[in-house]
Amino acid sequence: MDLALIQLLNGVQYGLLIFLAASGLTLVFGIMGVINLSHGSFYMLGAYCALTLTQFTGDIFLSLLLGVPLAFVFGVIIEWLFIRRLYDRDHLQQVLLTFALILIFNEAQKLLWGSHPHSVPVPGYLQGGFKISELLTYPYYRVAVAAFCVALALGMMFVIQKTRIGRVIRAGESNREMVEALGIDSRLLFRFVFAAGVALAATAGIVAAPLESVYPGIGEPILIISFVVVVIGGIGSIKGAFLGAILIGVADALGKVYFPAFSSSVVYALMAAVLIARPGGLFGRAA
């Protein structure tokens with residue numbers, strides 16, 4: 001029972017972490033219509049930023065304060081150099097260019113950090129954990145990550161639903177031509193959305209770095225699972241991405257306990273079940 005409880009907590013925490021990465025992808029895909037295969041590379045960028053910055057700051061959260069603005073600026077540059085050329089092109093060209101970016105980022109990572117795995121330390125004040133039973137504890141850092149992700153999710157939902165920029169983003173998703181007719185520069189809007197998506201993926205990579213080794217290709221599994229979240233939650237829906245990520249995290253964690261032989265298939269079985277019931281995703285529109 002204690003093991004199942006810990007796995008359930010791990011599943012919720014993992015789901016919240018996935019949400020950070022997937023929310024950026026669902027914004028870019030839903031609003032800009034760009035299939036961005038390089039999204040996982042920005043998660044990797046965040047993890048390696050955490051590795052480098054923590055060596056100077058000594059604290060993962062100070063690294064977060066420095067790394068997120070850097071990731072946003074990097075996103076602006078990547079959008080200006082490459083992504084803006086894809087808006088009026090078909091999905092095949094989007095896939096080819098963003099796949100090329102994966103190769104470029106992977107080679108750059110090897111040149112800058114090498115091919116060996118690295119570890120990022122947990123801050124001293126978050127060492128240890130809550131006692132669940134006589135033998136089991138749950139790490140303070142995982143609780144801190146979960147709380148941070150929840151706070152960020154609530155902040156994102158507030159911005160999307162209650163602020164002017166959120167209304168413009170939702171309008172851009174629904175009708176780009178109407179937004180332009182109202183005098184809003186859709187190219188500038190798309191640049192902001194893409195950079196925000198990069199920053200969100202990098203944020204997930206930064207806070208996840210102390211939970212796992214930082215290694216080449218760390219973003220590729222996140223890319224796959226983020227697309228699953230987008231499909232389950234519904235394209236362009238932050239609320240759907242949140243619920244979808246939690247469902248995936250819990251299904252993955254409990255699957256490893258109760259269905260270890262099929263644990264790698266549980267997430268995809270969940271996706272299939274959701275699509276059978278709701279082809280457009282939980283909060284998306286059916287095609």
# chains A, B, ... in the order shown; residues from 1 in each chain; ligands from 1
>>> residues_around(residues="stretch 241-250 of chain A", least_positions_apart="3", cutoff="7 Å", atoms="only C-alpha atoms", output="JSON, numbers by chain")
{"A": [8, 11, 12, 14, 15, 16, 18, 19, 22, 23, 229, 230, 232, 233, 237, 238, 253, 254, 267]}
>>> residues_around(residues="stretch 116-119 of chain A", least_positions_apart="5", cutoff="12 Å", atoms="only C-alpha atoms", output="NGL selection string")
:A and (47-52 or 54-55 or 60 or 109-111 or 206 or 208-218)
>>> write_last_selection(atoms="N, CA and C atoms", output="mmCIF file, in the first residue's frame")
data_model
loop_
_atom_site.group_PDB
_atom_site.id
_atom_site.type_symbol
_atom_site.label_atom_id
_atom_site.label_comp_id
_atom_site.auth_asym_id
_atom_site.auth_seq_id
_atom_site.Cartn_x
_atom_site.Cartn_y
_atom_site.Cartn_z
ATOM 1 N N ALA A 47 17.554 21.531 -19.069
ATOM 2 C CA ALA A 47 18.295 20.632 -18.188
ATOM 3 C C ALA A 47 19.773 20.975 -18.168
ATOM 4 N N TYR A 48 20.344 21.248 -19.333
ATOM 5 C CA TYR A 48 21.769 21.586 -19.393
ATOM 6 C C TYR A 48 22.036 22.993 -18.870
ATOM 7 N N CYS A 49 21.083 23.894 -19.014
ATOM 8 C CA CYS A 49 21.206 25.210 -18.380
ATOM 9 C C CYS A 49 21.257 25.065 -16.867
ATOM 10 N N ALA A 50 20.409 24.179 -16.337
ATOM 11 C CA ALA A 50 20.418 23.916 -14.897
ATOM 12 C C ALA A 50 21.778 23.391 -14.460
ATOM 13 N N LEU A 51 22.342 22.473 -15.250
ATOM 14 C CA LEU A 51 23.657 21.918 -14.941
ATOM 15 C C LEU A 51 24.720 23.013 -14.871
ATOM 16 N N THR A 52 24.730 23.894 -15.874
ATOM 17 C CA THR A 52 25.757 24.944 -15.931
ATOM 18 C C THR A 52 25.527 26.038 -14.894
ATOM 19 N N THR A 54 23.747 26.033 -12.124
ATOM 20 C CA THR A 54 23.820 25.606 -10.731
ATOM 21 C C THR A 54 25.261 25.522 -10.252
ATOM 22 N N GLN A 55 26.195 25.294 -11.162
ATOM 23 C CA GLN A 55 27.606 25.297 -10.783
ATOM 24 C C GLN A 55 28.054 26.672 -10.309
ATOM 25 N N ILE A 60 19.217 25.405 -7.526
ATOM 26 C CA ILE A 60 18.441 25.150 -8.732
ATOM 27 C C ILE A 60 17.397 26.238 -8.974
ATOM 28 N N GLN A 109 24.853 20.339 -28.265
ATOM 29 C CA GLN A 109 24.936 19.833 -26.888
ATOM 30 C C GLN A 109 26.195 18.998 -26.676
ATOM 31 N N LYS A 110 26.516 18.144 -27.629
ATOM 32 C CA LYS A 110 27.708 17.303 -27.490
ATOM 33 C C LYS A 110 28.981 18.140 -27.503
ATOM 34 N N LEU A 111 29.010 19.186 -28.318
ATOM 35 C CA LEU A 111 30.184 20.049 -28.371
ATOM 36 C C LEU A 111 30.363 20.831 -27.072
ATOM 37 N N ILE A 206 14.669 22.425 -16.360
ATOM 38 C CA ILE A 206 15.464 22.928 -15.231
ATOM 39 C C ILE A 206 15.036 22.265 -13.935
ATOM 40 N N ALA A 208 13.382 19.574 -13.501
ATOM 41 C CA ALA A 208 13.498 18.112 -13.537
ATOM 42 C C ALA A 208 14.934 17.636 -13.409
ATOM 43 N N ALA A 209 15.911 18.519 -13.653
ATOM 44 C CA ALA A 209 17.314 18.105 -13.689
ATOM 45 C C ALA A 209 17.781 17.400 -12.414
ATOM 46 N N PRO A 210 17.422 17.877 -11.211
ATOM 47 C CA PRO A 210 17.861 17.147 -10.014
ATOM 48 C C PRO A 210 17.151 15.805 -9.801
ATOM 49 N N LEU A 211 16.068 15.556 -10.532
ATOM 50 C CA LEU A 211 15.314 14.317 -10.358
ATOM 51 C C LEU A 211 15.868 13.171 -11.186
ATOM 52 N N GLU A 212 16.628 13.488 -12.223
ATOM 53 C CA GLU A 212 17.186 12.469 -13.095
ATOM 54 C C GLU A 212 18.513 12.961 -13.657
ATOM 55 N N SER A 213 19.293 12.057 -14.194
ATOM 56 C CA SER A 213 20.554 12.456 -14.804
ATOM 57 C C SER A 213 20.293 13.342 -16.021
ATOM 58 N N VAL A 214 21.194 14.279 -16.254
ATOM 59 C CA VAL A 214 21.145 15.110 -17.456
ATOM 60 C C VAL A 214 22.034 14.432 -18.489
ATOM 61 N N TYR A 215 21.451 14.027 -19.604
ATOM 62 C CA TYR A 215 22.185 13.222 -20.576
ATOM 63 C C TYR A 215 21.746 13.593 -21.994
ATOM 64 N N PRO A 216 22.573 13.285 -23.003
ATOM 65 C CA PRO A 216 22.188 13.584 -24.390
ATOM 66 C C PRO A 216 20.887 12.887 -24.769
ATOM 67 N N GLY A 217 20.020 13.602 -25.454
ATOM 68 C CA GLY A 217 18.750 13.031 -25.876
ATOM 69 C C GLY A 217 17.688 13.003 -24.804
ATOM 70 N N ILE A 218 17.899 13.727 -23.697
ATOM 71 C CA ILE A 218 16.940 13.702 -22.589
ATOM 72 C C ILE A 218 15.582 14.263 -23.003
#
>>> closest_residue(among="A:Gly197, A:Gly234, A:Gly284, A:Pro139", to="A:Asn10", atoms="only C-alpha atoms")
A:Pro139
>>> residues_around(residues="A:Tyr125", least_positions_apart="3", cutoff="12 Å", atoms="only C-alpha atoms", output="PyMOL selection string")
chain A and resi 58-61+121-122+128-129+139-141+144
>>> closest_residue(among="A:Leu96, A:Ala201, A:Leu189, A:Val179", to="A:Gly24", atoms="only C-alpha atoms")
A:Ala201
>>> select_by_dssp(residues="stretch 112-221 of chain A", states="strand (DSSP E or B)", output="list in words")
His118, Gly129, Phe130, Lys131, Thr137, Tyr138, Pro139 and Val214 of chain A
>>> atom_distance(atom1="atom CA of A:His91", atom2="atom CA of A:Phe105")
20.9 Å
